[in-house]
Amino acid sequence: MMTTPRIFVPHDAGALALGADEVERAIIAAAHRRGIEIAIVRTGSRGLYWLEPLIEVATAQGRIGYGPVHVEEVEALFDAGLLDGGPHARRLGRPEELPFLRRQTRFTFARCGIIDRLSLQDYRAHGGFVGLERAIALGPDTTIEEVVKSGLRGRGGAGFPTGIKWRTTAQASALQKYVVCNADEGDSGTFADRMIMEGDPFALIEGMTIAGIAVGATAGYVYIRSEYPHAIAILGRAIEIARREGCLGCGIFGSPYDFDLEIRVGAGAYVCGEETALLDSLEGKRGMVRAKPPLPAHKGLFGQPTVVNNVISLASVPAILASGADAYRDLGYGRSRGTMPIQLAGNVKYRGLFEAAFGLALGELVDDIGGGTATGRPVRAVQVGGPLGAYFPRALFDTRFDYEAFTAKNGLIGHGGVVVFDDTVDMARQARFAMEFCAIESCGKCTPCRIGSVRGVEVIDRIISGERRRENLALLAELCETMRFGSLCALGGFVPFPVLSALTHFPEDFGMARPGDAAAA
Ligand SMILES: Cc1cc2nc3c(=O)[nH]c(=O)nc-3n(C[C@H](O)[C@H](O)[C@H](O)COP(=O)(O)O)c2cc1C
Ligand code: SF4
């Protein structure tokens, strides 16, 4: 029996921005003109954005990729025998064999870009719900201990052990508890949360359900930024499907556990990614950071015990439970266990998502895996961990991708965003931008951040213009110390990282001489 040829076209926002929908229409039209019946499967992205739209065809040799495909090339692709994986300049071969994918350890992203993102059948065929079924069989306490044992740490930025957070919430007694998924993804250069929600939404639903069962919560919310309309739409449809099929709601899979969830859309303030400001926003208030204690695990959403976890933390849990805590724990480096979806962005040749066990050297990531800059100019600086992360010069490229190694270099890995800059970057302007960003995004609750960031912009301006440079540098150091230790949350508290790293590693951009430079100013 002849099977209908299947063509996989990504429906990820990044691929759509590069014309995936237009390519899909051109494929349908070309097949129609030739009288060929085809089936189009919409997937997420594999995360090789420089090759998007990357389409794939199911052939006898496995899936064959073509990319980046432009609308005007579709007819020629059919002429070249696209449906049999025929030769063409855009033919990439088997995607798994591409070096960028071959070198990865796809754990959390194992299905992303491969399955039909809204097919529960496809999800199950690729290992979906094995973790949830195991969690139901293990019961809450053992499930939590598995997560503790796996060594999973929060991927939202702070790296707090997920299992310990769950245990704290489980031990709090209350009639109602909540699971809140932080899908605000505000860090510059990051897109891993969006990719999962668009490419493997059932993984997040399954992870949240496991969290709910583990801590005794029956309701969950996913807080997604409004700038993610595709993720909101796809996850919303996935929730409806899951509910219809009994994966959400009362008595999940015939168990005594109930869990359901809803999406809430945030208006797009960076500070609303901070967990307590997020809770305020969820409650319908203006997003302001709350003082801790109480921890959200004790008193969170609507005053009830609440687990707040990042998308990637939650979406990693099903695979951890399915493969066992040891399999995850065996990956990684030092106290950073498992894999990290690293997002290569900015001025880098191979932009995309690279999931790897912790421990890769920063230089390997940027020069080797990322291929250096897209402009072909030398890499000068790399900012890791979003707008509050430090700038790393080439001299620190031996730093391993690991929470502790980055902390030791006055940096942070945050949500895994790596933004690359070439030698045309002005690091004094980047330092100024960090302060300006803080001033714009500050929730205004504490003085060091609200006022300090505004004064920080002014002081950096004076340094740049050469006005009483020595005094202003001393003032900037003092200001950074006050912000670091006097701010209520990490927005004000961490902004000294980009500012001081720019100043320390690139003093010449501030009109200063490098230490040991004979021409010292
Ligand atoms: C200013 C600021 C912004 C933040 N933005 C995010 C965000 O966009 N997404 C996220 O998951 N965590 C963000 N965080 C971290 C959260 O406060 C919190 O630690 C995280 O959601 C906990 O989940 P995890 O343990 O799974 O990482 C932010 C923190 C701060 C201080
Ligand atoms: S550090 Fe900034 S964002 Fe955080 S609580 Fe203080 S004013 Fe608000």
# chains A, B, ... in the order shown; residues from 1 in each chain; ligands from 1
>>> closest_atom_pairs(of="chain A", to="ligand 1", cutoff="8 Å", atoms="only C-alpha atoms and all ligand atoms", output="CSV")
residue,atom,partner,partner_atom_place_in_ligand_line,distance
A:Arg153,CA,ligand 1,25 (O),6.5
A:Gly154,CA,ligand 1,27 (O),3.2
A:Arg155,CA,ligand 1,27 (O),4.2
A:Gly156,CA,ligand 1,27 (O),3.3
A:Gly157,CA,ligand 1,15 (C),5.2
A:Ala158,CA,ligand 1,19 (O),5.1
A:Gly159,CA,ligand 1,27 (O),5.8
A:Phe160,CA,ligand 1,25 (O),5.3
A:Pro161,CA,ligand 1,25 (O),6.9
A:Thr162,CA,ligand 1,25 (O),5.9
A:Lys165,CA,ligand 1,25 (O),7.7
A:Cys181,CA,ligand 1,21 (O),7.4
A:Asn182,CA,ligand 1,11 (O),4.7
A:Ala183,CA,ligand 1,9 (N),5.7
A:Asp184,CA,ligand 1,8 (O),4.1
A:Glu185,CA,ligand 1,8 (O),3.5
A:Gly186,CA,ligand 1,8 (O),4.2
A:Asp187,CA,ligand 1,8 (O),6.1
A:Tyr270,CA,ligand 1,3 (C),5.7
A:Val271,CA,ligand 1,1 (C),4.4
A:Cys272,CA,ligand 1,3 (C),6.5
A:Gly273,CA,ligand 1,5 (N),3.3
A:Glu274,CA,ligand 1,17 (O),3.5
A:Glu275,CA,ligand 1,17 (O),3.9
A:Thr276,CA,ligand 1,17 (O),6.9
A:Val308,CA,ligand 1,23 (O),5.4
A:Asn309,CA,ligand 1,26 (O),3.4
A:Asn310,CA,ligand 1,26 (O),3.8
A:Val311,CA,ligand 1,11 (O),6.5
A:Ile312,CA,ligand 1,26 (O),7.2
A:Ser313,CA,ligand 1,26 (O),4.8
A:Leu314,CA,ligand 1,26 (O),6.9
A:His415,CA,ligand 1,10 (C),7.3
A:Cys489,CA,ligand 1,31 (C),5.3
A:Ala490,CA,ligand 1,31 (C),4.1
A:Leu491,CA,ligand 1,1 (C),4.3
A:Gly492,CA,ligand 1,1 (C),8.0
>>> residues_near_ligand(ligand="ligand 2", cutoff="12 Å", atoms="only C-alpha atoms and all ligand atoms", output="ChimeraX atom specification")
/A:269-278,286-292,388,435,437-454,482-496
>>> select_by_dssp(residues="stretch 140-252 of chain A", states="alpha helix (DSSP H)", output="VMD selection string")
chain A and resid 140 to 150 162 to 171 192 to 199 201 to 215 229 to 244
>>> closest_atom_pairs(of="stretch 382-408 of chain A", to="stretch 502-517 of chain A", cutoff="10 Å", atoms="only C-alpha atoms", output="tab-separated table")
residue	atom	partner	partner_atom	distance
A:Gln383	CA	A:Ala502	CA	9.8
A:Ala390	CA	A:Ala502	CA	7.7
A:Tyr391	CA	A:Ala502	CA	6.0
A:Phe392	CA	A:His505	CA	7.7
A:Pro393	CA	A:His505	CA	6.5
A:Arg394	CA	A:His505	CA	9.6
A:Ala395	CA	A:His505	CA	9.0
A:Leu396	CA	A:His505	CA	9.7
>>> write_last_selection(atoms="C-alpha atoms", output="tab-separated table (two decimals), in the first residue's frame")
chain	number	residue	atom	x	y	z
A	383	GLN	CA	27.23	38.42	27.53
A	390	ALA	CA	28.50	39.69	32.96
A	391	TYR	CA	30.44	40.37	29.77
A	392	PHE	CA	33.17	37.81	29.17
A	393	PRO	CA	36.29	38.72	27.18
A	394	ARG	CA	38.24	36.18	25.16
A	395	ALA	CA	40.66	35.79	28.10
A	396	LEU	CA	37.88	34.08	30.06
>>> residues_around(residues="A:Pro296", least_positions_apart="5", cutoff="9 Å", atoms="only C-alpha atoms", output="list of chain:residue names")
A:Thr169, A:Glu275, A:Thr276, A:Leu279, A:Leu301, A:Gly303, A:Gln304, A:Pro305, A:Thr306, A:Val307, A:Val308
>>> write_last_selection(atoms="C-alpha atoms", output="tab-separated table (two decimals), in the first residue's frame")
chain	number	residue	atom	x	y	z
A	169	THR	CA	5.68	23.33	49.09
A	275	GLU	CA	8.65	35.27	40.76
A	276	THR	CA	6.97	37.47	43.37
A	279	LEU	CA	2.53	36.47	41.42
A	301	LEU	CA	-0.37	32.97	44.74
A	303	GLY	CA	-1.47	33.72	49.78
A	304	GLN	CA	-1.35	29.95	49.23
A	305	PRO	CA	1.69	27.63	48.98
A	306	THR	CA	2.95	27.86	45.41
A	307	VAL	CA	5.66	26.26	43.33
A	308	VAL	CA	7.05	28.75	40.82
>>> residues_around(residues="stretch 221-224 of chain A", least_positions_apart="2", cutoff="7 Å", atoms="only C-alpha atoms", output="PDB file with all heavy atoms, in the first residue's frame")
ATOM      1  N   VAL A 179       0.647  25.501  41.210  1.00  0.00           N
ATOM      2  CA  VAL A 179       1.895  25.405  40.440  1.00  0.00           C
ATOM      3  C   VAL A 179       1.852  26.548  39.435  1.00  0.00           C
ATOM      4  O   VAL A 179       0.883  26.677  38.676  1.00  0.00           O
ATOM      5  CB  VAL A 179       2.003  24.058  39.680  1.00  0.00           C
ATOM      6  CG1 VAL A 179       3.251  24.052  38.806  1.00  0.00           C
ATOM      7  CG2 VAL A 179       2.028  22.899  40.658  1.00  0.00           C
ATOM      8  N   VAL A 180       2.872  27.381  39.462  1.00  0.00           N
ATOM      9  CA  VAL A 180       2.936  28.499  38.510  1.00  0.00           C
ATOM     10  C   VAL A 180       4.159  28.302  37.626  1.00  0.00           C
ATOM     11  O   VAL A 180       5.269  28.111  38.114  1.00  0.00           O
ATOM     12  CB  VAL A 180       3.011  29.849  39.251  1.00  0.00           C
ATOM     13  CG1 VAL A 180       3.319  30.975  38.275  1.00  0.00           C
ATOM     14  CG2 VAL A 180       1.693  30.139  39.964  1.00  0.00           C
ATOM     15  N   CYS A 181       3.910  28.345  36.323  1.00  0.00           N
ATOM     16  CA  CYS A 181       5.019  28.223  35.379  1.00  0.00           C
ATOM     17  C   CYS A 181       5.420  29.609  34.901  1.00  0.00           C
ATOM     18  O   CYS A 181       4.599  30.366  34.370  1.00  0.00           O
ATOM     19  CB  CYS A 181       4.595  27.358  34.196  1.00  0.00           C
ATOM     20  SG  CYS A 181       5.821  27.386  32.901  1.00  0.00           S
ATOM     21  N   ASN A 182       6.686  29.904  35.088  1.00  0.00           N
ATOM     22  CA  ASN A 182       7.213  31.206  34.672  1.00  0.00           C
ATOM     23  C   ASN A 182       7.656  31.128  33.210  1.00  0.00           C
ATOM     24  O   ASN A 182       8.704  30.571  32.887  1.00  0.00           O
ATOM     25  CB  ASN A 182       8.396  31.567  35.581  1.00  0.00           C
ATOM     26  CG  ASN A 182       8.880  32.984  35.378  1.00  0.00           C
ATOM     27  OD1 ASN A 182       8.606  33.589  34.353  1.00  0.00           O
ATOM     28  ND2 ASN A 182       9.611  33.503  36.354  1.00  0.00           N
ATOM     29  N   ALA A 183       6.801  31.650  32.334  1.00  0.00           N
ATOM     30  CA  ALA A 183       7.114  31.659  30.902  1.00  0.00           C
ATOM     31  C   ALA A 183       7.262  33.104  30.429  1.00  0.00           C
ATOM     32  O   ALA A 183       6.887  33.444  29.318  1.00  0.00           O
ATOM     33  CB  ALA A 183       6.021  30.932  30.115  1.00  0.00           C
ATOM     34  N   ASP A 184       7.832  33.932  31.310  1.00  0.00           N
ATOM     35  CA  ASP A 184       7.987  35.346  30.954  1.00  0.00           C
ATOM     36  C   ASP A 184       9.199  35.547  30.037  1.00  0.00           C
ATOM     37  O   ASP A 184       9.231  36.499  29.259  1.00  0.00           O
ATOM     38  CB  ASP A 184       8.118  36.197  32.223  1.00  0.00           C
ATOM     39  CG  ASP A 184       7.812  37.656  31.939  1.00  0.00           C
ATOM     40  OD1 ASP A 184       6.765  37.921  31.318  1.00  0.00           O
ATOM     41  OD2 ASP A 184       8.633  38.526  32.291  1.00  0.00           O
ATOM     42  N   SER A 226       3.157  38.633  26.578  1.00  0.00           N
ATOM     43  CA  SER A 226       2.255  38.888  25.447  1.00  0.00           C
ATOM     44  C   SER A 226       3.001  38.887  24.113  1.00  0.00           C
ATOM     45  O   SER A 226       2.391  38.735  23.059  1.00  0.00           O
ATOM     46  CB  SER A 226       1.533  40.223  25.629  1.00  0.00           C
ATOM     47  OG  SER A 226       2.481  41.263  25.702  1.00  0.00           O
ATOM     48  N   ILE A 232       1.363  31.243  23.016  1.00  0.00           N
ATOM     49  CA  ILE A 232       0.086  31.325  23.739  1.00  0.00           C
ATOM     50  C   ILE A 232      -0.975  30.493  23.002  1.00  0.00           C
ATOM     51  O   ILE A 232      -1.699  29.700  23.609  1.00  0.00           O
ATOM     52  CB  ILE A 232      -0.361  32.805  23.873  1.00  0.00           C
ATOM     53  CG1 ILE A 232       0.618  33.566  24.777  1.00  0.00           C
ATOM     54  CG2 ILE A 232      -1.797  32.902  24.405  1.00  0.00           C
ATOM     55  CD1 ILE A 232       0.498  35.082  24.713  1.00  0.00           C
ATOM     56  N   LEU A 261      -4.970  23.391  34.380  1.00  0.00           N
ATOM     57  CA  LEU A 261      -4.181  24.626  34.296  1.00  0.00           C
ATOM     58  C   LEU A 261      -4.734  25.588  33.265  1.00  0.00           C
ATOM     59  O   LEU A 261      -5.486  25.209  32.365  1.00  0.00           O
ATOM     60  CB  LEU A 261      -2.710  24.301  34.042  1.00  0.00           C
ATOM     61  CG  LEU A 261      -2.283  23.532  32.810  1.00  0.00           C
ATOM     62  CD1 LEU A 261      -1.999  24.466  31.652  1.00  0.00           C
ATOM     63  CD2 LEU A 261      -1.004  22.764  33.135  1.00  0.00           C
ATOM     64  N   GLU A 262      -4.322  26.842  33.441  1.00  0.00           N
ATOM     65  CA  GLU A 262      -4.771  27.925  32.568  1.00  0.00           C
ATOM     66  C   GLU A 262      -3.585  28.809  32.215  1.00  0.00           C
ATOM     67  O   GLU A 262      -2.606  28.857  32.956  1.00  0.00           O
ATOM     68  CB  GLU A 262      -5.802  28.806  33.294  1.00  0.00           C
ATOM     69  CG  GLU A 262      -7.127  28.135  33.525  1.00  0.00           C
ATOM     70  CD  GLU A 262      -8.076  29.022  34.319  1.00  0.00           C
ATOM     71  OE1 GLU A 262      -7.970  30.267  34.225  1.00  0.00           O
ATOM     72  OE2 GLU A 262      -8.897  28.457  35.057  1.00  0.00           O
ATOM     73  N   ILE A 263      -3.760  29.534  31.116  1.00  0.00           N
ATOM     74  CA  ILE A 263      -2.720  30.483  30.694  1.00  0.00           C
ATOM     75  C   ILE A 263      -3.111  31.886  31.146  1.00  0.00           C
ATOM     76  O   ILE A 263      -4.282  32.262  31.084  1.00  0.00           O
ATOM     77  CB  ILE A 263      -2.579  30.464  29.152  1.00  0.00           C
ATOM     78  CG1 ILE A 263      -2.037  29.121  28.684  1.00  0.00           C
ATOM     79  CG2 ILE A 263      -1.692  31.605  28.660  1.00  0.00           C
ATOM     80  CD1 ILE A 263      -2.000  28.957  27.179  1.00  0.00           C
ATOM     81  N   ARG A 264      -2.138  32.645  31.601  1.00  0.00           N
ATOM     82  CA  ARG A 264      -2.329  34.073  31.857  1.00  0.00           C
ATOM     83  C   ARG A 264      -1.277  34.834  31.068  1.00  0.00           C
ATOM     84  O   ARG A 264      -0.114  34.427  31.037  1.00  0.00           O
ATOM     85  CB  ARG A 264      -2.182  34.401  33.343  1.00  0.00           C
ATOM     86  CG  ARG A 264      -3.307  33.869  34.205  1.00  0.00           C
ATOM     87  CD  ARG A 264      -4.595  34.695  33.995  1.00  0.00           C
ATOM     88  NE  ARG A 264      -5.678  34.195  34.822  1.00  0.00           N
ATOM     89  CZ  ARG A 264      -6.515  33.212  34.489  1.00  0.00           C
ATOM     90  NH1 ARG A 264      -6.397  32.615  33.312  1.00  0.00           N
ATOM     91  NH2 ARG A 264      -7.471  32.826  35.313  1.00  0.00           N
ATOM     92  N   VAL A 265      -1.692  35.918  30.449  1.00  0.00           N
ATOM     93  CA  VAL A 265      -0.774  36.661  29.586  1.00  0.00           C
ATOM     94  C   VAL A 265      -0.282  37.914  30.298  1.00  0.00           C
ATOM     95  O   VAL A 265      -1.087  38.726  30.767  1.00  0.00           O
ATOM     96  CB  VAL A 265      -1.474  37.024  28.256  1.00  0.00           C
ATOM     97  CG1 VAL A 265      -0.539  37.828  27.349  1.00  0.00           C
ATOM     98  CG2 VAL A 265      -1.927  35.746  27.544  1.00  0.00           C
ATOM     99  N   GLY A 266       1.030  38.039  30.401  1.00  0.00           N
ATOM    100  CA  GLY A 266       1.629  39.215  31.039  1.00  0.00           C
ATOM    101  C   GLY A 266       1.849  40.310  30.004  1.00  0.00           C
ATOM    102  O   GLY A 266       1.998  40.028  28.809  1.00  0.00           O
TER     103      GLY A 266
END
>>> select_by_dssp(residues="stretch 176-304 of chain A", states="strand (DSSP E)", output="list in words")
Tyr178, Val179, Val180, Cys181, Asn182, Ala183, Ala219, Gly220, Tyr221, Val222, Tyr223, Ile224, Arg225, Asp260, Leu261, Glu262, Ile263, Arg264, Val265 and Gly266 of chain A
>>> write_last_selection(atoms="N, CA, C and O atoms", output="PDB file, in the first residue's frame")
ATOM      1  N   TYR A 178      -0.792  25.868  44.512  1.00  0.00           N
ATOM      2  CA  TYR A 178      -0.711  26.147  43.082  1.00  0.00           C
ATOM      3  C   TYR A 178       0.657  25.781  42.510  1.00  0.00           C
ATOM      4  O   TYR A 178       1.665  25.812  43.219  1.00  0.00           O
ATOM      5  N   VAL A 179       0.647  25.501  41.210  1.00  0.00           N
ATOM      6  CA  VAL A 179       1.895  25.405  40.440  1.00  0.00           C
ATOM      7  C   VAL A 179       1.852  26.548  39.435  1.00  0.00           C
ATOM      8  O   VAL A 179       0.883  26.677  38.676  1.00  0.00           O
ATOM      9  N   VAL A 180       2.872  27.381  39.462  1.00  0.00           N
ATOM     10  CA  VAL A 180       2.936  28.499  38.510  1.00  0.00           C
ATOM     11  C   VAL A 180       4.159  28.302  37.626  1.00  0.00           C
ATOM     12  O   VAL A 180       5.269  28.111  38.114  1.00  0.00           O
ATOM     13  N   CYS A 181       3.910  28.345  36.323  1.00  0.00           N
ATOM     14  CA  CYS A 181       5.019  28.223  35.379  1.00  0.00           C
ATOM     15  C   CYS A 181       5.420  29.609  34.901  1.00  0.00           C
ATOM     16  O   CYS A 181       4.599  30.366  34.370  1.00  0.00           O
ATOM     17  N   ASN A 182       6.686  29.904  35.088  1.00  0.00           N
ATOM     18  CA  ASN A 182       7.213  31.206  34.672  1.00  0.00           C
ATOM     19  C   ASN A 182       7.656  31.128  33.210  1.00  0.00           C
ATOM     20  O   ASN A 182       8.704  30.571  32.887  1.00  0.00           O
ATOM     21  N   ALA A 183       6.801  31.650  32.334  1.00  0.00           N
ATOM     22  CA  ALA A 183       7.114  31.659  30.902  1.00  0.00           C
ATOM     23  C   ALA A 183       7.262  33.104  30.429  1.00  0.00           C
ATOM     24  O   ALA A 183       6.887  33.444  29.318  1.00  0.00           O
ATOM     25  N   ALA A 219      -4.300  23.150  40.887  1.00  0.00           N
ATOM     26  CA  ALA A 219      -4.461  24.181  39.857  1.00  0.00           C
ATOM     27  C   ALA A 219      -3.109  24.766  39.484  1.00  0.00           C
ATOM     28  O   ALA A 219      -2.223  24.916  40.330  1.00  0.00           O
ATOM     29  N   GLY A 220      -2.975  25.068  38.202  1.00  0.00           N
ATOM     30  CA  GLY A 220      -1.725  25.654  37.727  1.00  0.00           C
ATOM     31  C   GLY A 220      -1.984  26.801  36.766  1.00  0.00           C
ATOM     32  O   GLY A 220      -3.041  26.869  36.128  1.00  0.00           O
ATOM     33  N   TYR A 221      -1.022  27.705  36.701  1.00  0.00           N
ATOM     34  CA  TYR A 221      -1.083  28.821  35.747  1.00  0.00           C
ATOM     35  C   TYR A 221       0.232  28.892  34.991  1.00  0.00           C
ATOM     36  O   TYR A 221       1.299  28.716  35.575  1.00  0.00           O
ATOM     37  N   VAL A 222       0.119  29.168  33.700  1.00  0.00           N
ATOM     38  CA  VAL A 222       1.323  29.447  32.909  1.00  0.00           C
ATOM     39  C   VAL A 222       1.286  30.946  32.600  1.00  0.00           C
ATOM     40  O   VAL A 222       0.336  31.421  31.962  1.00  0.00           O
ATOM     41  N   TYR A 223       2.299  31.652  33.078  1.00  0.00           N
ATOM     42  CA  TYR A 223       2.356  33.106  32.867  1.00  0.00           C
ATOM     43  C   TYR A 223       3.264  33.361  31.664  1.00  0.00           C
ATOM     44  O   TYR A 223       4.481  33.201  31.729  1.00  0.00           O
ATOM     45  N   ILE A 224       2.649  33.737  30.540  1.00  0.00           N
ATOM     46  CA  ILE A 224       3.402  33.917  29.289  1.00  0.00           C
ATOM     47  C   ILE A 224       3.379  35.392  28.887  1.00  0.00           C
ATOM     48  O   ILE A 224       2.336  36.044  28.954  1.00  0.00           O
ATOM     49  N   ARG A 225       4.497  35.859  28.432  1.00  0.00           N
ATOM     50  CA  ARG A 225       4.568  37.259  27.985  1.00  0.00           C
ATOM     51  C   ARG A 225       3.727  37.461  26.717  1.00  0.00           C
ATOM     52  O   ARG A 225       3.646  36.565  25.863  1.00  0.00           O
ATOM     53  N   ASP A 260      -5.522  20.856  36.865  1.00  0.00           N
ATOM     54  CA  ASP A 260      -5.880  21.559  35.637  1.00  0.00           C
ATOM     55  C   ASP A 260      -5.086  22.844  35.575  1.00  0.00           C
ATOM     56  O   ASP A 260      -4.577  23.321  36.599  1.00  0.00           O
ATOM     57  N   LEU A 261      -4.970  23.391  34.380  1.00  0.00           N
ATOM     58  CA  LEU A 261      -4.181  24.626  34.296  1.00  0.00           C
ATOM     59  C   LEU A 261      -4.734  25.588  33.265  1.00  0.00           C
ATOM     60  O   LEU A 261      -5.486  25.209  32.365  1.00  0.00           O
ATOM     61  N   GLU A 262      -4.322  26.842  33.441  1.00  0.00           N
ATOM     62  CA  GLU A 262      -4.771  27.925  32.568  1.00  0.00           C
ATOM     63  C   GLU A 262      -3.585  28.809  32.215  1.00  0.00           C
ATOM     64  O   GLU A 262      -2.606  28.857  32.956  1.00  0.00           O
ATOM     65  N   ILE A 263      -3.760  29.534  31.116  1.00  0.00           N
ATOM     66  CA  ILE A 263      -2.720  30.483  30.694  1.00  0.00           C
ATOM     67  C   ILE A 263      -3.111  31.886  31.146  1.00  0.00           C
ATOM     68  O   ILE A 263      -4.282  32.262  31.084  1.00  0.00           O
ATOM     69  N   ARG A 264      -2.138  32.645  31.601  1.00  0.00           N
ATOM     70  CA  ARG A 264      -2.329  34.073  31.857  1.00  0.00           C
ATOM     71  C   ARG A 264      -1.277  34.834  31.068  1.00  0.00           C
ATOM     72  O   ARG A 264      -0.114  34.427  31.037  1.00  0.00           O
ATOM     73  N   VAL A 265      -1.692  35.918  30.449  1.00  0.00           N
ATOM     74  CA  VAL A 265      -0.774  36.661  29.586  1.00  0.00           C
ATOM     75  C   VAL A 265      -0.282  37.914  30.298  1.00  0.00           C
ATOM     76  O   VAL A 265      -1.087  38.726  30.767  1.00  0.00           O
ATOM     77  N   GLY A 266       1.030  38.039  30.401  1.00  0.00           N
ATOM     78  CA  GLY A 266       1.629  39.215  31.039  1.00  0.00           C
ATOM     79  C   GLY A 266       1.849  40.310  30.004  1.00  0.00           C
ATOM     80  O   GLY A 266       1.998  40.028  28.809  1.00  0.00           O
TER      81      GLY A 266
END
>>> residues_around(residues="A:Ala20", least_positions_apart="3", cutoff="8 Å", atoms="only C-alpha atoms", output="ChimeraX atom specification")
/A:9-11,15-17,23-24,52-53
>>> closest_residue(among="A:Gly65, A:Gly86, A:Gly127, A:Pro140", to="A:Ala203", atoms="only C-alpha atoms")
A:Gly127
>>> closest_residue(among="A:Phe397, A:Gly47, A:Gly236, A:Asn347", to="A:Phe100", atoms="only C-alpha atoms")
A:Gly47
>>> closest_residue(among="A:Leu101, A:Leu83, A:Cys480, A:Leu295", to="A:Ile55", atoms="only C-alpha atoms")
A:Leu83
>>> residues_around(residues="A:Ala31", least_positions_apart="6", cutoff="10 Å", atoms="only C-alpha atoms", output="ChimeraX atom specification")
/A:25,37-38,74-75,78
>>> write_last_selection(atoms="all heavy atoms", output="mmCIF file, in the first residue's frame")
data_model
loop_
_atom_site.group_PDB
_atom_site.id
_atom_site.type_symbol
_atom_site.label_atom_id
_atom_site.label_comp_id
_atom_site.auth_asym_id
_atom_site.auth_seq_id
_atom_site.Cartn_x
_atom_site.Cartn_y
_atom_site.Cartn_z
ATOM 1 N N ARG A 25 2.549 26.948 2.018
ATOM 2 C CA ARG A 25 1.549 27.185 0.953
ATOM 3 C C ARG A 25 2.123 26.829 -0.418
ATOM 4 O O ARG A 25 1.449 26.231 -1.255
ATOM 5 C CB ARG A 25 1.086 28.644 0.995
ATOM 6 C CG ARG A 25 0.078 28.907 2.111
ATOM 7 C CD ARG A 25 -0.692 30.197 1.891
ATOM 8 N NE ARG A 25 0.125 31.371 2.123
ATOM 9 C CZ ARG A 25 0.320 31.926 3.335
ATOM 10 N NH1 ARG A 25 -0.261 31.396 4.384
ATOM 11 N NH2 ARG A 25 1.094 32.982 3.478
ATOM 12 N N GLU A 37 -0.631 13.707 -3.839
ATOM 13 C CA GLU A 37 -1.215 13.878 -2.506
ATOM 14 C C GLU A 37 -0.092 13.880 -1.476
ATOM 15 O O GLU A 37 0.783 12.993 -1.495
ATOM 16 C CB GLU A 37 -2.170 12.718 -2.223
ATOM 17 C CG GLU A 37 -3.122 13.014 -1.079
ATOM 18 C CD GLU A 37 -3.946 11.784 -0.711
ATOM 19 O OE1 GLU A 37 -4.226 10.975 -1.623
ATOM 20 O OE2 GLU A 37 -4.271 11.656 0.476
ATOM 21 N N ILE A 38 -0.074 14.882 -0.628
ATOM 22 C CA ILE A 38 0.950 14.920 0.428
ATOM 23 C C ILE A 38 0.273 15.217 1.770
ATOM 24 O O ILE A 38 -0.846 15.718 1.815
ATOM 25 C CB ILE A 38 2.029 16.011 0.172
ATOM 26 C CG1 ILE A 38 1.373 17.395 -0.027
ATOM 27 C CG2 ILE A 38 2.938 15.664 -0.982
ATOM 28 C CD1 ILE A 38 2.329 18.537 0.153
ATOM 29 N N VAL A 74 10.666 26.148 -4.255
ATOM 30 C CA VAL A 74 9.856 24.954 -3.986
ATOM 31 C C VAL A 74 9.627 24.112 -5.241
ATOM 32 O O VAL A 74 9.763 22.881 -5.203
ATOM 33 C CB VAL A 74 8.528 25.367 -3.307
ATOM 34 C CG1 VAL A 74 7.560 24.197 -3.250
ATOM 35 C CG2 VAL A 74 8.815 25.883 -1.903
ATOM 36 N N GLU A 75 9.308 24.759 -6.360
ATOM 37 C CA GLU A 75 9.092 23.990 -7.609
ATOM 38 C C GLU A 75 10.341 23.203 -7.965
ATOM 39 O O GLU A 75 10.269 22.015 -8.302
ATOM 40 C CB GLU A 75 8.721 24.943 -8.761
ATOM 41 C CG GLU A 75 7.312 25.507 -8.692
ATOM 42 C CD GLU A 75 6.233 24.445 -8.984
ATOM 43 O OE1 GLU A 75 6.575 23.332 -9.427
ATOM 44 O OE2 GLU A 75 5.052 24.733 -8.716
ATOM 45 N N PHE A 78 10.733 20.122 -5.915
ATOM 46 C CA PHE A 78 9.897 19.004 -6.388
ATOM 47 C C PHE A 78 10.533 18.372 -7.618
ATOM 48 O O PHE A 78 10.587 17.145 -7.739
ATOM 49 C CB PHE A 78 8.478 19.497 -6.695
ATOM 50 C CG PHE A 78 7.559 19.422 -5.495
ATOM 51 C CD1 PHE A 78 7.516 20.451 -4.577
ATOM 52 C CD2 PHE A 78 6.768 18.298 -5.297
ATOM 53 C CE1 PHE A 78 6.685 20.381 -3.466
ATOM 54 C CE2 PHE A 78 5.931 18.210 -4.182
ATOM 55 C CZ PHE A 78 5.892 19.253 -3.261
#
